[in-house]
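File shown: my_file.cif (mmCIF, C-alpha atoms and all ligand atoms).
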data_coords
loop_
_atom_site.group_PDB
_atom_site.id
_atom_site.type_symbol
_atom_site.label_atom_id
_atom_site.label_comp_id
_atom_site.auth_asym_id
_atom_site.auth_seq_id
_atom_site.Cartn_x
_atom_site.Cartn_y
_atom_site.Cartn_z
ATOM 1 C CA MET V 1 -3.605 6.917 -27.672
ATOM 2 C CA CYS V 2 -6.771 5.425 -29.228
ATOM 3 C CA ILE V 3 -7.350 1.700 -28.944
ATOM 4 C CA ASN V 4 -9.269 -0.188 -31.640
ATOM 5 C CA LYS V 5 -11.628 -3.164 -31.183
ATOM 6 C CA THR V 6 -9.027 -5.815 -31.979
ATOM 7 C CA MET V 7 -6.712 -4.395 -29.366
ATOM 8 C CA ILE V 8 -9.543 -4.368 -26.802
ATOM 9 C CA LEU V 9 -10.282 -8.035 -27.632
ATOM 10 C CA CYS V 10 -6.604 -8.937 -27.258
ATOM 11 C CA TYR V 11 -6.511 -7.025 -24.000
ATOM 12 C CA ASN V 12 -9.549 -8.936 -22.649
ATOM 13 C CA ILE V 13 -8.109 -12.312 -23.674
ATOM 14 C CA TYR V 14 -4.787 -11.360 -22.122
ATOM 15 C CA ASN V 15 -6.580 -10.472 -18.874
ATOM 16 C CA MET V 16 -8.508 -13.768 -18.883
ATOM 17 C CA VAL V 17 -5.287 -15.748 -19.281
ATOM 18 C CA ILE V 18 -3.500 -13.681 -16.659
ATOM 19 C CA ASN V 19 -6.405 -14.073 -14.230
ATOM 20 C CA MET V 20 -6.562 -17.854 -14.749
ATOM 21 C CA ASP V 21 -2.866 -17.973 -14.000
ATOM 22 C CA ASN V 22 -3.353 -15.788 -10.991
ATOM 23 C CA LEU V 23 -6.037 -18.020 -9.476
ATOM 24 C CA TYR V 24 -3.417 -20.643 -8.732
ATOM 25 C CA ILE V 25 -0.956 -18.112 -7.339
ATOM 26 C CA LYS V 26 -3.715 -16.363 -5.384
ATOM 27 C CA GLU V 27 -4.649 -19.697 -3.802
ATOM 28 C CA LEU V 28 -1.029 -20.278 -2.773
ATOM 29 C CA ASN V 29 -0.808 -16.774 -1.327
ATOM 30 C CA LYS V 30 -4.157 -17.008 0.480
ATOM 31 C CA PHE V 31 -4.046 -15.406 3.885
ATOM 32 C CA ASP V 32 -4.110 -17.626 6.960
ATOM 33 C CA CYS V 33 -2.818 -16.560 10.362
ATOM 34 C CA ASN V 34 -4.669 -17.723 13.443
ATOM 35 C CA ILE V 35 -3.740 -14.575 15.402
ATOM 36 C CA THR V 36 -5.207 -12.203 12.820
ATOM 37 C CA ASN V 37 -7.804 -14.247 10.885
ATOM 38 C CA LYS V 38 -10.641 -12.494 12.750
ATOM 39 C CA ILE V 39 -9.270 -9.016 11.970
ATOM 40 C CA HIS V 40 -8.809 -9.975 8.316
ATOM 41 C CA ASP V 41 -12.366 -11.353 8.081
ATOM 42 C CA PHE V 42 -13.817 -8.313 9.861
ATOM 43 C CA GLY V 43 -12.114 -6.102 7.262
ATOM 44 C CA ARG V 44 -13.379 -8.179 4.359
ATOM 45 C CA ASP V 45 -16.945 -8.418 5.722
ATOM 46 C CA ASN V 46 -17.172 -4.694 6.496
ATOM 47 C CA ASN V 47 -15.640 -3.377 3.290
ATOM 48 C CA VAL V 48 -12.556 -2.034 5.022
ATOM 49 C CA PRO V 49 -9.983 -1.805 2.233
ATOM 50 C CA ILE V 50 -7.182 -3.834 3.834
ATOM 51 C CA ILE V 51 -4.252 -5.031 1.741
ATOM 52 C CA MET V 52 -4.972 -7.931 -0.631
ATOM 53 C CA ASP V 53 -3.595 -11.368 0.272
ATOM 54 C CA ASP V 54 -0.912 -11.551 -2.416
ATOM 55 C CA GLY V 55 0.073 -7.911 -1.802
ATOM 56 C CA LEU V 56 0.461 -8.836 1.865
ATOM 57 C CA SER V 57 2.675 -11.818 0.961
ATOM 58 C CA LEU V 58 4.960 -9.486 -0.965
ATOM 59 C CA LEU V 59 4.952 -6.889 1.817
ATOM 60 C CA LEU V 60 5.912 -9.515 4.401
ATOM 61 C CA SER V 61 8.656 -10.879 2.129
ATOM 62 C CA ILE V 62 10.121 -7.384 1.911
ATOM 63 C CA VAL V 63 9.868 -7.093 5.688
ATOM 64 C CA SER V 64 11.782 -10.398 6.040
ATOM 65 C CA ILE V 65 14.502 -9.249 3.630
ATOM 66 C CA VAL V 66 14.923 -5.715 4.989
ATOM 67 C CA ARG V 67 14.680 -6.727 8.677
ATOM 68 C CA PRO V 68 13.505 -3.221 9.606
ATOM 69 C CA LYS V 69 14.072 -1.661 13.009
ATOM 70 C CA ARG V 70 11.328 0.887 12.372
ATOM 71 C CA ILE V 71 8.409 1.019 9.960
ATOM 72 C CA LEU V 72 6.213 3.991 9.100
ATOM 73 C CA GLU V 73 2.772 3.329 7.624
ATOM 74 C CA ILE V 74 0.426 5.953 6.194
ATOM 75 C CA GLY V 75 -3.109 4.502 6.320
ATOM 76 C CA THR V 76 -3.781 2.224 9.309
ATOM 77 C CA ALA V 77 -7.461 1.334 8.770
ATOM 78 C CA ILE V 78 -8.146 -1.359 11.425
ATOM 79 C CA GLY V 79 -4.456 -2.090 12.011
ATOM 80 C CA PHE V 80 -4.314 -5.285 9.969
ATOM 81 C CA SER V 81 -1.169 -4.627 7.892
ATOM 82 C CA SER V 82 0.631 -3.063 10.869
ATOM 83 C CA ILE V 83 -0.092 -6.076 13.016
ATOM 84 C CA MET V 84 1.031 -8.465 10.266
ATOM 85 C CA MET V 85 4.301 -6.536 9.775
ATOM 86 C CA ALA V 86 4.898 -6.513 13.538
ATOM 87 C CA LEU V 87 4.258 -10.259 13.815
ATOM 88 C CA ASN V 88 6.778 -10.886 11.031
ATOM 89 C CA SER V 89 9.603 -8.696 12.353
ATOM 90 C CA ASN V 90 11.069 -7.136 15.480
ATOM 91 C CA ALA V 91 10.255 -3.652 14.203
ATOM 92 C CA THR V 92 8.460 -0.901 16.020
ATOM 93 C CA ILE V 93 5.770 0.660 13.863
ATOM 94 C CA ASP V 94 4.326 4.151 13.629
ATOM 95 C CA THR V 95 1.093 4.178 11.681
ATOM 96 C CA ILE V 96 -1.073 7.175 10.802
ATOM 97 C CA GLU V 97 -4.874 7.102 10.470
ATOM 98 C CA LYS V 98 -7.179 10.004 9.718
ATOM 99 C CA LYS V 99 -10.570 8.550 10.655
ATOM 100 C CA ASN V 100 -11.651 8.306 14.280
ATOM 101 C CA ASP V 101 -13.608 5.061 13.939
ATOM 102 C CA MET V 102 -10.712 3.302 12.179
ATOM 103 C CA TYR V 103 -8.252 4.626 14.742
ATOM 104 C CA THR V 104 -10.377 3.279 17.617
ATOM 105 C CA LYS V 105 -10.789 -0.119 15.967
ATOM 106 C CA ALA V 106 -7.049 -0.322 15.219
ATOM 107 C CA ILE V 107 -6.170 0.461 18.846
ATOM 108 C CA ASP V 108 -8.618 -2.211 19.969
ATOM 109 C CA ASN V 109 -7.159 -4.829 17.592
ATOM 110 C CA ILE V 110 -3.571 -3.977 18.529
ATOM 111 C CA ASN V 111 -4.501 -4.351 22.227
ATOM 112 C CA LYS V 112 -6.128 -7.693 21.579
ATOM 113 C CA VAL V 113 -3.053 -9.160 19.893
ATOM 114 C CA GLY V 114 -0.739 -7.724 22.568
ATOM 115 C CA LEU V 115 1.309 -5.419 20.344
ATOM 116 C CA THR V 116 0.764 -2.051 22.058
ATOM 117 C CA ASP V 117 4.462 -1.830 22.922
ATOM 118 C CA ARG V 118 5.493 -2.059 19.241
ATOM 119 C CA ILE V 119 2.715 -0.352 17.263
ATOM 120 C CA ARG V 120 1.929 3.310 17.851
ATOM 121 C CA VAL V 121 -1.156 4.638 16.079
ATOM 122 C CA HIS V 122 -1.275 8.377 15.353
ATOM 123 C CA LEU V 123 -4.678 9.927 14.811
ATOM 124 C CA GLY V 124 -4.187 12.571 12.128
ATOM 125 C CA ASP V 125 -3.807 13.429 8.490
ATOM 126 C CA GLY V 126 -0.771 11.862 6.838
ATOM 127 C CA GLU V 127 -0.334 15.081 4.897
ATOM 128 C CA ASN V 128 0.513 17.086 7.975
ATOM 129 C CA VAL V 129 1.253 14.941 11.035
ATOM 130 C CA SER V 130 4.148 16.687 12.769
ATOM 131 C CA LEU V 131 7.477 15.006 12.074
ATOM 132 C CA ASP V 132 8.272 15.611 15.771
ATOM 133 C CA GLU V 133 5.740 12.903 16.639
ATOM 134 C CA LEU V 134 7.739 10.405 14.574
ATOM 135 C CA GLU V 135 11.147 8.745 14.754
ATOM 136 C CA LYS V 136 14.124 10.233 12.912
ATOM 137 C CA GLU V 137 14.546 7.251 10.603
ATOM 138 C CA TYR V 138 12.533 4.367 9.130
ATOM 139 C CA ASP V 139 13.695 1.344 7.143
ATOM 140 C CA ILE V 140 10.317 0.812 5.499
ATOM 141 C CA ILE V 141 7.705 3.437 4.658
ATOM 142 C CA PHE V 142 4.429 1.871 3.567
ATOM 143 C CA ILE V 143 2.062 4.259 1.754
ATOM 144 C CA ASP V 144 -1.534 3.028 1.820
ATOM 145 C CA ALA V 145 -3.850 6.005 2.482
ATOM 146 C CA ALA V 146 -5.696 8.439 0.140
ATOM 147 C CA LYS V 147 -4.662 7.366 -3.359
ATOM 148 C CA ALA V 148 -4.706 10.892 -4.804
ATOM 149 C CA GLN V 149 -2.182 12.098 -2.211
ATOM 150 C CA TYR V 150 0.606 9.547 -2.613
ATOM 151 C CA ARG V 151 3.139 12.037 -3.962
ATOM 152 C CA LYS V 152 2.494 14.348 -1.005
ATOM 153 C CA TYR V 153 3.089 11.501 1.466
ATOM 154 C CA PHE V 154 6.195 10.375 -0.415
ATOM 155 C CA GLU V 155 7.695 13.871 -0.454
ATOM 156 C CA ARG V 156 6.739 14.518 3.136
ATOM 157 C CA TYR V 157 8.315 11.385 4.610
ATOM 158 C CA GLU V 158 11.198 10.498 2.274
ATOM 159 C CA SER V 159 13.571 12.543 4.459
ATOM 160 C CA LEU V 160 12.920 9.942 7.193
ATOM 161 C CA LEU V 161 13.960 7.000 5.024
ATOM 162 C CA SER V 162 17.147 5.216 6.102
ATOM 163 C CA LYS V 163 19.997 4.847 3.597
ATOM 164 C CA ASN V 164 19.007 1.367 2.468
ATOM 165 C CA GLY V 165 15.338 1.870 3.199
ATOM 166 C CA VAL V 166 12.374 0.999 1.009
ATOM 167 C CA ILE V 167 9.224 2.951 0.200
ATOM 168 C CA ILE V 168 6.293 0.714 -0.732
ATOM 169 C CA SER V 169 3.199 2.158 -2.413
ATOM 170 C CA ASP V 170 0.036 0.018 -2.529
ATOM 171 C CA ASN V 171 -2.892 0.209 -5.005
ATOM 172 C CA ILE V 172 -0.901 1.650 -7.894
ATOM 173 C CA LEU V 173 -3.203 -0.178 -10.358
ATOM 174 C CA PHE V 174 -6.410 0.627 -8.473
ATOM 175 C CA HIS V 175 -8.487 -2.338 -9.617
ATOM 176 C CA GLY V 176 -7.338 -1.988 -13.217
ATOM 177 C CA TYR V 177 -8.702 1.548 -13.628
ATOM 178 C CA VAL V 178 -5.254 3.148 -13.922
ATOM 179 C CA GLU V 179 -4.286 0.936 -16.859
ATOM 180 C CA LYS V 180 -7.649 1.570 -18.546
ATOM 181 C CA TYR V 181 -7.220 5.306 -18.063
ATOM 182 C CA LYS V 182 -3.673 5.217 -19.425
ATOM 183 C CA PHE V 183 -4.570 3.253 -22.562
ATOM 184 C CA ASN V 184 -7.905 4.956 -23.086
ATOM 185 C CA ILE V 185 -9.792 1.673 -22.732
ATOM 186 C CA GLU V 186 -13.527 1.841 -22.170
ATOM 187 C CA SER V 187 -14.550 1.182 -18.585
ATOM 188 C CA ASP V 188 -17.457 1.575 -16.187
ATOM 189 C CA ALA V 189 -15.483 4.167 -14.208
ATOM 190 C CA SER V 190 -17.355 7.258 -13.016
ATOM 191 C CA LYS V 191 -15.899 10.715 -13.669
ATOM 192 C CA ASP V 192 -14.463 10.780 -10.138
ATOM 193 C CA LEU V 193 -12.918 7.350 -10.533
ATOM 194 C CA LYS V 194 -11.330 8.380 -13.828
ATOM 195 C CA ALA V 195 -9.928 11.491 -12.149
ATOM 196 C CA LEU V 196 -8.488 9.310 -9.388
ATOM 197 C CA ALA V 197 -7.003 6.905 -11.960
ATOM 198 C CA ARG V 198 -5.366 9.893 -13.683
ATOM 199 C CA LYS V 199 -3.839 11.052 -10.391
ATOM 200 C CA ILE V 200 -2.493 7.578 -9.586
ATOM 201 C CA ASN V 201 -1.039 7.357 -13.100
ATOM 202 C CA ASN V 202 0.633 10.747 -12.557
ATOM 203 C CA TYR V 203 2.125 9.423 -9.317
ATOM 204 C CA ASN V 204 3.406 6.267 -11.037
ATOM 205 C CA GLU V 205 4.997 8.301 -13.827
ATOM 206 C CA TRP V 206 6.498 10.738 -11.360
ATOM 207 C CA LEU V 207 7.959 7.785 -9.406
ATOM 208 C CA LYS V 208 9.289 6.223 -12.608
ATOM 209 C CA SER V 209 11.137 9.397 -13.556
ATOM 210 C CA ASN V 210 12.286 10.272 -10.038
ATOM 211 C CA PRO V 211 16.092 10.423 -10.385
ATOM 212 C CA ASN V 212 16.666 9.710 -6.692
ATOM 213 C CA TYR V 213 14.977 6.304 -6.612
ATOM 214 C CA ASN V 214 14.865 3.010 -8.452
ATOM 215 C CA THR V 215 11.279 1.794 -8.564
ATOM 216 C CA ILE V 216 9.803 -1.495 -9.688
ATOM 217 C CA PHE V 217 6.062 -1.597 -10.431
ATOM 218 C CA LEU V 218 4.494 -4.983 -9.776
ATOM 219 C CA ASN V 219 1.183 -6.495 -10.835
ATOM 220 C CA ILE V 220 0.645 -8.109 -7.440
ATOM 221 C CA GLY V 221 -2.401 -7.551 -5.254
ATOM 222 C CA ASP V 222 -3.789 -4.194 -6.345
ATOM 223 C CA GLY V 223 -0.411 -3.180 -7.780
ATOM 224 C CA ILE V 224 2.598 -2.417 -5.639
ATOM 225 C CA ALA V 225 5.556 -0.117 -6.308
ATOM 226 C CA ILE V 226 8.831 -0.669 -4.481
ATOM 227 C CA SER V 227 11.228 2.286 -4.410
ATOM 228 C CA THR V 228 14.808 2.238 -3.147
ATOM 229 C CA LYS V 229 17.281 5.109 -3.026
ATOM 230 C CA ARG V 230 19.766 5.266 -5.893
ATOM 231 C CA SER V 231 23.370 5.260 -4.765
ATOM 232 C CA LEU V 232 25.235 6.052 -8.002
ATOM 233 C CA ASN V 233 27.466 8.753 -6.527
ATOM 234 C CA GLU V 234 28.723 6.841 -3.536
HETATM 235 C C1 LIG O 1 -6.394 1.151 2.297
HETATM 236 S S1 LIG O 1 -6.787 1.596 3.924
HETATM 237 C C2 LIG O 1 -5.377 1.046 4.829
HETATM 238 C C3 LIG O 1 -5.313 -0.438 4.943
HETATM 239 C C4 LIG O 1 -4.234 -0.938 5.875
HETATM 240 N N1 LIG O 1 -2.946 -0.410 5.516
HETATM 241 C C5 LIG O 1 -4.210 -2.455 5.781
HETATM 242 O O1 LIG O 1 -3.791 -2.977 4.734
HETATM 243 O O2 LIG O 1 -4.611 -3.114 6.744
HETATM 244 C C6 LIG O 1 -6.537 3.315 3.866
HETATM 245 C C7 LIG O 1 -6.739 4.024 5.191
HETATM 246 O O3 LIG O 1 -6.138 5.314 5.078
HETATM 247 C C8 LIG O 1 -6.927 6.239 5.767
HETATM 248 N N2 LIG O 1 -6.625 7.572 5.233
HETATM 249 C C9 LIG O 1 -7.116 8.169 4.109
HETATM 250 N N3 LIG O 1 -6.547 9.367 3.955
HETATM 251 C C10 LIG O 1 -5.682 9.535 4.972
HETATM 252 C C11 LIG O 1 -4.785 10.556 5.327
HETATM 253 N N4 LIG O 1 -4.662 11.656 4.611
HETATM 254 N N5 LIG O 1 -4.035 10.396 6.453
HETATM 255 C C12 LIG O 1 -4.141 9.265 7.188
HETATM 256 N N6 LIG O 1 -4.969 8.256 6.883
HETATM 257 C C13 LIG O 1 -5.724 8.385 5.794
HETATM 258 C C14 LIG O 1 -8.359 5.779 5.515
HETATM 259 O O4 LIG O 1 -9.214 6.287 6.508
HETATM 260 C C15 LIG O 1 -8.203 4.265 5.545
HETATM 261 O O5 LIG O 1 -8.474 3.759 6.817
#
Target encoding structure tokens, full file:
Amino acid sequence: MCINKTMILCYNIYNMVINMDNLYIKELNKFDCNITNKIHDFGRDNNVPIIMDDGLSLLLSIVSIVRPKRILEIGTAIGFSSIMMALNSNATIDTIEKKNDMYTKAIDNINKVGLTDRIRVHLGDGENVSLDELEKEYDIIFIDAAKAQYRKYFERYESLLSKNGVIISDNILFHGYVEKYKFNIESDASKDLKALARKINNYNEWLKSNPNYNTIFLNIGDGIAISTKRSLNE
């Protein structure tokens, strides 16, 4: 699809209005938790890509509704989202991190907040961590690792999802680049970034047409998709 100048102008105005709106909501959803403020600020100050505040609010709302016994997270970073999910539930959490330095920092943070008995960090690649290391069933699977590999994670771990479980995928808009890619809108994206945006768009479209799940795509945080199993034949 080719977009003309008027459409680009409309798109920019639309974004300005949406962003003005969002400022108020963002303020309301601003993160504040005295147990984890330091971890959050460390992430922000050191460019660790932890979940955005309003994305976190949504994630924690889902956690409150689902009341999970077990959560699986792909992409630990410094343990921030795991710790927040643990503090807002009684769940035990398995979380997978590929990078050594992140793994070490996550372990340190989890120790500091006293959650070692409920959060288990696995050092490894989410694409091939042995399922034997994990539990048989999870009520929430939170996908937040390499954006180009989301379908692989989804297909690898969906067999571990409980009947009424939820798979949550973060960063499905990737800072607006996915939408710009999809609608062929000019952007400052490098070739690599455009390729990544294309892959995320492919994932979103694959999710949308996946007959086994209902998925809602939300413009919250960096874009979040929530997928639940369809139960038409029951
Ligand atoms: C967006 S950060 C996770 C943020 C974390 N969930 C939070 O909100 O606090 C993504 C993390 O996934 C890790 N990662 C990337 N590819 C991975 C893979 N294939 N397996 C496991 N972890 C991976 C990165 O090293 C990075 O620490």
Could you list the residues chosen by the PyMOL selection byres (((chain V and resi 47-56) around 10) and not hetatm) in this structure as a PDB file with C-alpha atoms, in the coordinates of the input?
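New file selection.pdb:
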ATOM      1  CA  ASN V  22      -3.353 -15.788 -10.991  1.00  0.00           C
ATOM      2  CA  ILE V  25      -0.956 -18.112  -7.339  1.00  0.00           C
ATOM      3  CA  LYS V  26      -3.715 -16.363  -5.384  1.00  0.00           C
ATOM      4  CA  GLU V  27      -4.649 -19.697  -3.802  1.00  0.00           C
ATOM      5  CA  LEU V  28      -1.029 -20.278  -2.773  1.00  0.00           C
ATOM      6  CA  ASN V  29      -0.808 -16.774  -1.327  1.00  0.00           C
ATOM      7  CA  LYS V  30      -4.157 -17.008   0.480  1.00  0.00           C
ATOM      8  CA  PHE V  31      -4.046 -15.406   3.885  1.00  0.00           C
ATOM      9  CA  ASP V  32      -4.110 -17.626   6.960  1.00  0.00           C
ATOM     10  CA  ILE V  39      -9.270  -9.016  11.970  1.00  0.00           C
ATOM     11  CA  HIS V  40      -8.809  -9.975   8.316  1.00  0.00           C
ATOM     12  CA  ASP V  41     -12.366 -11.353   8.081  1.00  0.00           C
ATOM     13  CA  PHE V  42     -13.817  -8.313   9.861  1.00  0.00           C
ATOM     14  CA  GLY V  43     -12.114  -6.102   7.262  1.00  0.00           C
ATOM     15  CA  ARG V  44     -13.379  -8.179   4.359  1.00  0.00           C
ATOM     16  CA  ASP V  45     -16.945  -8.418   5.722  1.00  0.00           C
ATOM     17  CA  ASN V  46     -17.172  -4.694   6.496  1.00  0.00           C
ATOM     18  CA  SER V  57       2.675 -11.818   0.961  1.00  0.00           C
ATOM     19  CA  LEU V  58       4.960  -9.486  -0.965  1.00  0.00           C
ATOM     20  CA  LEU V  59       4.952  -6.889   1.817  1.00  0.00           C
ATOM     21  CA  LEU V  60       5.912  -9.515   4.401  1.00  0.00           C
ATOM     22  CA  SER V  61       8.656 -10.879   2.129  1.00  0.00           C
ATOM     23  CA  ILE V  62      10.121  -7.384   1.911  1.00  0.00           C
ATOM     24  CA  GLY V  75      -3.109   4.502   6.320  1.00  0.00           C
ATOM     25  CA  THR V  76      -3.781   2.224   9.309  1.00  0.00           C
ATOM     26  CA  ALA V  77      -7.461   1.334   8.770  1.00  0.00           C
ATOM     27  CA  ILE V  78      -8.146  -1.359  11.425  1.00  0.00           C
ATOM     28  CA  GLY V  79      -4.456  -2.090  12.011  1.00  0.00           C
ATOM     29  CA  PHE V  80      -4.314  -5.285   9.969  1.00  0.00           C
ATOM     30  CA  SER V  81      -1.169  -4.627   7.892  1.00  0.00           C
ATOM     31  CA  MET V  84       1.031  -8.465  10.266  1.00  0.00           C
ATOM     32  CA  MET V  85       4.301  -6.536   9.775  1.00  0.00           C
ATOM     33  CA  MET V 102     -10.712   3.302  12.179  1.00  0.00           C
ATOM     34  CA  ASP V 144      -1.534   3.028   1.820  1.00  0.00           C
ATOM     35  CA  ALA V 145      -3.850   6.005   2.482  1.00  0.00           C
ATOM     36  CA  ASP V 170       0.036   0.018  -2.529  1.00  0.00           C
ATOM     37  CA  ASN V 171      -2.892   0.209  -5.005  1.00  0.00           C
ATOM     38  CA  LEU V 218       4.494  -4.983  -9.776  1.00  0.00           C
ATOM     39  CA  ASN V 219       1.183  -6.495 -10.835  1.00  0.00           C
ATOM     40  CA  ILE V 220       0.645  -8.109  -7.440  1.00  0.00           C
ATOM     41  CA  GLY V 221      -2.401  -7.551  -5.254  1.00  0.00           C
ATOM     42  CA  ASP V 222      -3.789  -4.194  -6.345  1.00  0.00           C
ATOM     43  CA  GLY V 223      -0.411  -3.180  -7.780  1.00  0.00           C
ATOM     44  CA  ILE V 224       2.598  -2.417  -5.639  1.00  0.00           C
TER      45      ILE V 224
END
Could you produce a table of the residues of stretch 92-167 of chain V lying within 9 Å of stretch 200-210 of chain V, with the nearest pair of atoms per residue and their separation in Å rounded to one decimal, using only C-alpha atoms, ordered by chain and increasing residue number, as a tab-separated table?
residue	atom	partner	partner_atom	distance
V:Lys147	CA	V:Ile200	CA	6.6
V:Ala148	CA	V:Ile200	CA	6.2
V:Gln149	CA	V:Ile200	CA	8.7
V:Tyr150	CA	V:Tyr203	CA	6.9
V:Arg151	CA	V:Tyr203	CA	6.0
(request) Kindly resolve the PyMOL selection byres (((chain V and resi 103) around 9) and not hetatm) on the present coordinates and return the residues as number ranges by chain. (result) V: 76-79, 96-102, 104-108, 121-123
Please determine an axis-aligned box that encloses all atoms of ligand LIG 1 (chain O) listed in the file, with 6 Å added on each side, and express its centre and edge lengths in Å to one decimal as AutoDock Vina command-line options.
--center_x -6.1 --center_y 4.3 --center_z 4.7 --size_x 18.3 --size_y 26.8 --size_z 16.9
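Using all atoms listed in the file for every distance, the candidate list V:Val129, V:Ile167, V:Leu134, V:Ala225 yields V:Val129 as the residue closest to ligand LIG 1 (chain O).
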(request) Provide the atom C12 of ligand LIG 1 (chain O) to atom CA of V:Ser187 distance in Å, to one decimal place. (result) 28.9 Å
(request) Can you pull out every residue within 6 Å of V:Ile141, counting all atoms listed in the file, but drop anything in the same chain fewer than 4 positions away, and send it as a PyMOL selection string? (result) chain V and resi 71-73+167
(message) Please compute the atom CA of V:Ile168-atom CA of V:Thr92 distance, one decimal, in Å.
(response) 17.0 Å
(request) I need the residue set behind the PyMOL selection byres (((chain V and resi 136-139) around 12) and not hetatm) for this file; please write it as an MDAnalysis selection string. (result) chainID V and resid 62:73 91:95 130:135 140:142 157:168 227:229
Restricted to C-alpha atoms, what would the selected residues look like written as a short mmCIF file (atom, residue, chain, number, x, y, z; two decimals), in the coordinates of the input?
data_model
loop_
_atom_site.label_atom_id
_atom_site.label_comp_id
_atom_site.auth_asym_id
_atom_site.auth_seq_id
_atom_site.Cartn_x
_atom_site.Cartn_y
_atom_site.Cartn_z
CA ILE V 62 10.12 -7.38 1.91
CA VAL V 63 9.87 -7.09 5.69
CA SER V 64 11.78 -10.40 6.04
CA ILE V 65 14.50 -9.25 3.63
CA VAL V 66 14.92 -5.72 4.99
CA ARG V 67 14.68 -6.73 8.68
CA PRO V 68 13.50 -3.22 9.61
CA LYS V 69 14.07 -1.66 13.01
CA ARG V 70 11.33 0.89 12.37
CA ILE V 71 8.41 1.02 9.96
CA LEU V 72 6.21 3.99 9.10
CA GLU V 73 2.77 3.33 7.62
CA ALA V 91 10.26 -3.65 14.20
CA THR V 92 8.46 -0.90 16.02
CA ILE V 93 5.77 0.66 13.86
CA ASP V 94 4.33 4.15 13.63
CA THR V 95 1.09 4.18 11.68
CA SER V 130 4.15 16.69 12.77
CA LEU V 131 7.48 15.01 12.07
CA ASP V 132 8.27 15.61 15.77
CA GLU V 133 5.74 12.90 16.64
CA LEU V 134 7.74 10.40 14.57
CA GLU V 135 11.15 8.74 14.75
CA ILE V 140 10.32 0.81 5.50
CA ILE V 141 7.70 3.44 4.66
CA PHE V 142 4.43 1.87 3.57
CA TYR V 157 8.32 11.38 4.61
CA GLU V 158 11.20 10.50 2.27
CA SER V 159 13.57 12.54 4.46
CA LEU V 160 12.92 9.94 7.19
CA LEU V 161 13.96 7.00 5.02
CA SER V 162 17.15 5.22 6.10
CA LYS V 163 20.00 4.85 3.60
CA ASN V 164 19.01 1.37 2.47
CA GLY V 165 15.34 1.87 3.20
CA VAL V 166 12.37 1.00 1.01
CA ILE V 167 9.22 2.95 0.20
CA ILE V 168 6.29 0.71 -0.73
CA SER V 227 11.23 2.29 -4.41
CA THR V 228 14.81 2.24 -3.15
CA LYS V 229 17.28 5.11 -3.03
#
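Considering the residues V:Asn109, V:Thr116, V:Asn128, V:Asn37 and counting all atoms listed in the file, ligand LIG 1 (chain O) has its shortest atom-to-atom contact with V:Asn128.
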(request) Could you jot down the atom C10 of ligand LIG 1 (chain O) to atom CA of V:Lys152 separation for me, Å, one decimal place? (result)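 Straight-line distance from atom C10 of ligand LIG 1 (chain O) to atom CA of V:Lys152 works out to 11.2 Å.
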(request) Kindly indicate which residue among V:Tyr181, V:Glu127, V:Ser231, V:Ile74 lies nearest to V:Ala197, using only C-alpha atoms for the distances. (result)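 Comparing V:Tyr181, V:Glu127, V:Ser231, V:Ile74 against V:Ala197, the winner is V:Tyr181.
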(request) Using only C-alpha atoms and all ligand atoms, pick whichever of V:Arg230, V:Lys182, V:Arg156, V:Lys191 has the shortest atom-to-atom distance to ligand LIG 1 (chain O). (result)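 Distance minimum relative to ligand LIG 1 (chain O) lands on V:Arg156.
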(message) Restricting the calculation to all atoms listed in the file: of V:Val113, V:Ile35, V:Leu23, V:Ala146, which residue gets closest to ligand LIG 1 (chain O)?
(response) V:Ala146
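Counting only C-alpha atoms and all ligand atoms, the residue from V:Asn88, V:Ser82, V:Thr215, V:Asn111 that sits nearest to ligand LIG 1 (chain O) is V:Ser82.
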